[in-house]
Every structure is written in structure tokens, then in C-alpha cells.
Amino acid sequence: MLNLYLSNDSSFLVLNGDILTNLNPIRLVDELDYNDDCIGSIAIVPLKSPYGIVYTNTNGRIEKFEEKLVLKDYFVNAGVYCFKPDIFDYLPDKGDIERASFPMFASKGRLKAVKYTEVFWKSVDTHKDLEEAEAMIKRT
């Protein structure tokens, strides 16, 4: 059983357990306005392509390769959130909040996005991700 003790007017932070990041979560707290109907704010980061990009010319000849670019016009959910206590009224009995509740909140305009463009962020979903993250940490 999970026991949480929050005041009715306190926002709180949530962090997915499968990420490494240095983003400042206080920006999420600052963006959440208690005078509007937003239920929470979500950190988003630019999408890093898991693949190399191949550039071709009009004749179909390859001009260059670029490995794992950051796609600056596309963002992904960074797995760091700030919520108002009302979120507990909408948590699913089964499944995760990202699939069960976020789409509904988004369709009603009740989620804010906070863009983090100059931060370290790494999702660790596979053994390969874990090896890459370990190598990154050793380099710093």
C-alpha cells in the first residue's frame, strides 16, 4: 500500500525510474499555474534519432551521412512531471498514466509542456542503452 501525505494545494514532482538527466525540475513547478485548469506540466526534450541519417541528391547519390542527429523540431516526453494533487482522481487502476490519462488531458488542453533543449537526457530501456549510459558517465 502506498501512503502519500500531500497538502491539497501542493504540487509535487514525479520522475520516471528509467531515465538519466540533469534537467532542472523547478521549471516545471514554476510553469504550473494554480489559477488555471492545467493538471500538470511535463518536461519535453528534443528527439535524438536512434539511427544515422543518409542525405541524397536528386540523382539518388549519397552526399553524406550523419550519425544520430538531434531532431530539434520534434520533442519527446522526458519522463519528469509536476502535478497538482487533483491528478490522483485520474490515475488508472491498471496501466500507466502516460497512455491512460495523458492523451485525455492533452485533448482537453490540461497539460503544459516545458521544453528543455540544452540538457543531458538519456532513456535507459535496453541493455544497449545501459551500456551507452555507463560509457557516458565514465567519460564525465
# chains A, B, ... in the order shown; residues from 1 in each chain; ligands from 1
$ closest_atom_pairs --of "region 61-107 of chain A" --to "region 31-46 of chain A" --cutoff "12 Å" --atoms "only C-alpha atoms" --output "Markdown table"
| residue | atom | partner | partner_atom | distance |
| --- | --- | --- | --- | --- |
| A:Leu69 | CA | A:Pro46 | CA | 10.1 |
| A:Val70 | CA | A:Pro46 | CA | 6.4 |
| A:Leu71 | CA | A:Pro46 | CA | 6.1 |
| A:Lys72 | CA | A:Pro46 | CA | 5.3 |
| A:Asp73 | CA | A:Pro46 | CA | 7.1 |
| A:Tyr74 | CA | A:Pro46 | CA | 5.7 |
| A:Phe75 | CA | A:Pro46 | CA | 4.3 |
| A:Val76 | CA | A:Ile44 | CA | 5.4 |
| A:Asn77 | CA | A:Ile44 | CA | 4.7 |
| A:Ala78 | CA | A:Ile44 | CA | 5.0 |
| A:Gly79 | CA | A:Ala43 | CA | 6.9 |
| A:Val80 | CA | A:Ala43 | CA | 5.5 |
| A:Tyr81 | CA | A:Ile42 | CA | 4.7 |
| A:Cys82 | CA | A:Ser41 | CA | 5.3 |
| A:Phe83 | CA | A:Gly40 | CA | 4.2 |
| A:Lys84 | CA | A:Ile39 | CA | 5.6 |
| A:Pro85 | CA | A:Ile39 | CA | 8.3 |
| A:Asp86 | CA | A:Ile39 | CA | 6.9 |
| A:Ile87 | CA | A:Ile39 | CA | 6.4 |
| A:Phe88 | CA | A:Ile39 | CA | 10.1 |
| A:Asp89 | CA | A:Ile39 | CA | 10.6 |
| A:Tyr90 | CA | A:Ile39 | CA | 9.9 |
| A:Leu91 | CA | A:Ile39 | CA | 11.9 |
| A:Glu98 | CA | A:Ile42 | CA | 10.6 |
| A:Ser101 | CA | A:Ile39 | CA | 10.8 |
| A:Phe102 | CA | A:Gly40 | CA | 9.8 |
| A:Met104 | CA | A:Ile39 | CA | 11.3 |
| A:Phe105 | CA | A:Ile39 | CA | 7.8 |
| A:Ala106 | CA | A:Cys38 | CA | 9.7 |
| A:Ser107 | CA | A:Cys38 | CA | 11.8 |
$ closest_residue --among "A:Asn16, A:Thr21, A:Thr140, A:Thr56" --to "Val119 (chain A)" --atoms "only C-alpha atoms"
A:Thr21
$ atom_distance --atom1 "CA of Glu118 (chain A)" --atom2 "CA of Lys48 (chain A)"
12.6 Å
$ select_by_dssp --residues "region 3-75 of chain A" --states "helix (DSSP H, G or I)" --output "VMD selection string"
chain A and resid 26 to 31
$ write_last_selection --atoms "all heavy atoms" --output "tab-separated table (two decimals), in the first residue's frame"
chain	number	residue	atom	x	y	z
A	26	ILE	N	12.57	22.39	-11.25
A	26	ILE	CA	11.89	23.55	-10.67
A	26	ILE	C	11.17	24.35	-11.76
A	26	ILE	O	10.14	24.96	-11.50
A	26	ILE	CB	12.89	24.43	-9.89
A	26	ILE	CG1	13.51	23.63	-8.74
A	26	ILE	CG2	12.23	25.70	-9.38
A	26	ILE	CD1	12.51	22.99	-7.78
A	27	ARG	N	11.68	24.32	-12.98
A	27	ARG	CA	10.97	25.00	-14.07
A	27	ARG	C	9.57	24.43	-14.25
A	27	ARG	O	8.63	25.16	-14.60
A	27	ARG	CB	11.76	24.86	-15.38
A	27	ARG	CG	12.99	25.72	-15.43
A	27	ARG	CD	13.69	25.68	-16.77
A	27	ARG	NE	12.79	25.95	-17.87
A	27	ARG	CZ	12.94	25.46	-19.11
A	27	ARG	NH1	13.95	24.67	-19.40
A	27	ARG	NH2	12.08	25.76	-20.05
A	28	LEU	N	9.39	23.13	-14.03
A	28	LEU	CA	8.06	22.51	-14.13
A	28	LEU	C	7.13	23.06	-13.06
A	28	LEU	O	5.96	23.32	-13.32
A	28	LEU	CB	8.17	20.99	-13.99
A	28	LEU	CG	8.92	20.27	-15.09
A	28	LEU	CD1	9.19	18.83	-14.68
A	28	LEU	CD2	8.15	20.33	-16.39
A	29	VAL	N	7.64	23.22	-11.87
A	29	VAL	CA	6.85	23.78	-10.76
A	29	VAL	C	6.47	25.21	-11.09
A	29	VAL	O	5.31	25.61	-10.93
A	29	VAL	CB	7.65	23.72	-9.44
A	29	VAL	CG1	6.88	24.38	-8.30
A	29	VAL	CG2	8.02	22.28	-9.09
A	30	ASP	N	7.43	25.99	-11.58
A	30	ASP	CA	7.18	27.40	-11.90
A	30	ASP	C	6.14	27.58	-13.00
A	30	ASP	O	5.41	28.56	-13.02
A	30	ASP	CB	8.48	28.10	-12.29
A	30	ASP	CG	9.45	28.23	-11.13
A	30	ASP	OD1	9.02	28.09	-9.97
A	30	ASP	OD2	10.65	28.46	-11.40
A	31	GLU	N	6.07	26.64	-13.94
A	31	GLU	CA	5.13	26.74	-15.07
A	31	GLU	C	3.70	26.34	-14.70
A	31	GLU	O	2.76	26.67	-15.41
A	31	GLU	CB	5.59	25.87	-16.23
A	31	GLU	CG	6.75	26.42	-16.97
A	31	GLU	CD	6.44	27.70	-17.72
A	31	GLU	OE1	5.32	27.84	-18.26
A	31	GLU	OE2	7.33	28.56	-17.77
$ select_by_dssp --residues "chain A" --states "strand (DSSP E)" --output "ChimeraX atom specification"
/A:12-15,19-21,40-48,53-56,62-66,70-83,111-115,121-123
$ write_last_selection --atoms "C-alpha atoms" --output "PDB file, in the first residue's frame"
ATOM      1  CA  PHE A  12       4.711  17.523  -6.478  1.00  0.00           C
ATOM      2  CA  LEU A  13       7.347  16.129  -8.823  1.00  0.00           C
ATOM      3  CA  VAL A  14       7.408  12.692 -10.450  1.00  0.00           C
ATOM      4  CA  LEU A  15      10.400  11.176 -12.216  1.00  0.00           C
ATOM      5  CA  ILE A  19      15.991   7.974 -17.259  1.00  0.00           C
ATOM      6  CA  LEU A  20      19.185   9.837 -16.524  1.00  0.00           C
ATOM      7  CA  THR A  21      19.016  13.623 -16.734  1.00  0.00           C
ATOM      8  CA  GLY A  40       0.341  19.212 -14.641  1.00  0.00           C
ATOM      9  CA  SER A  41       3.441  20.226 -16.524  1.00  0.00           C
ATOM     10  CA  ILE A  42       5.625  17.803 -18.453  1.00  0.00           C
ATOM     11  CA  ALA A  43       9.296  18.119 -19.367  1.00  0.00           C
ATOM     12  CA  ILE A  44       9.971  17.538 -23.048  1.00  0.00           C
ATOM     13  CA  VAL A  45      13.339  17.171 -24.783  1.00  0.00           C
ATOM     14  CA  PRO A  46      14.368  17.151 -28.453  1.00  0.00           C
ATOM     15  CA  LEU A  47      14.167  13.764 -30.131  1.00  0.00           C
ATOM     16  CA  LYS A  48      17.522  12.156 -30.778  1.00  0.00           C
ATOM     17  CA  ILE A  53      20.723   9.924 -41.402  1.00  0.00           C
ATOM     18  CA  VAL A  54      21.586   9.456 -45.077  1.00  0.00           C
ATOM     19  CA  TYR A  55      21.435  12.515 -47.347  1.00  0.00           C
ATOM     20  CA  THR A  56      20.980  12.030 -51.086  1.00  0.00           C
ATOM     21  CA  ILE A  62      24.570   9.705 -51.365  1.00  0.00           C
ATOM     22  CA  GLU A  63      26.092  13.017 -50.369  1.00  0.00           C
ATOM     23  CA  LYS A  64      26.806  12.409 -46.685  1.00  0.00           C
ATOM     24  CA  PHE A  65      25.991  10.510 -43.533  1.00  0.00           C
ATOM     25  CA  GLU A  66      25.275  11.993 -40.113  1.00  0.00           C
ATOM     26  CA  VAL A  70      19.082  15.646 -32.552  1.00  0.00           C
ATOM     27  CA  LEU A  71      15.836  16.431 -34.364  1.00  0.00           C
ATOM     28  CA  LYS A  72      15.252  19.902 -32.923  1.00  0.00           C
ATOM     29  CA  ASP A  73      11.719  20.299 -34.292  1.00  0.00           C
ATOM     30  CA  TYR A  74      10.457  17.117 -32.611  1.00  0.00           C
ATOM     31  CA  PHE A  75      10.135  16.570 -28.877  1.00  0.00           C
ATOM     32  CA  VAL A  76       9.610  13.538 -26.651  1.00  0.00           C
ATOM     33  CA  ASN A  77       8.237  13.131 -23.169  1.00  0.00           C
ATOM     34  CA  ALA A  78      11.251  13.299 -20.826  1.00  0.00           C
ATOM     35  CA  GLY A  79       9.536  11.391 -18.005  1.00  0.00           C
ATOM     36  CA  VAL A  80       9.719  14.266 -15.498  1.00  0.00           C
ATOM     37  CA  TYR A  81       6.456  15.811 -14.332  1.00  0.00           C
ATOM     38  CA  CYS A  82       4.933  18.257 -11.885  1.00  0.00           C
ATOM     39  CA  PHE A  83       1.331  17.556 -10.914  1.00  0.00           C
ATOM     40  CA  LEU A 111      -1.165  19.685 -19.711  1.00  0.00           C
ATOM     41  CA  LYS A 112       1.668  22.153 -20.136  1.00  0.00           C
ATOM     42  CA  ALA A 113       4.907  21.324 -21.914  1.00  0.00           C
ATOM     43  CA  VAL A 114       8.198  22.761 -20.704  1.00  0.00           C
ATOM     44  CA  LYS A 115      10.931  22.497 -23.337  1.00  0.00           C
ATOM     45  CA  TRP A 121      18.796  13.259 -21.077  1.00  0.00           C
ATOM     46  CA  LYS A 122      19.071   9.526 -21.671  1.00  0.00           C
ATOM     47  CA  SER A 123      16.380   6.893 -21.507  1.00  0.00           C
TER      48      SER A 123
END
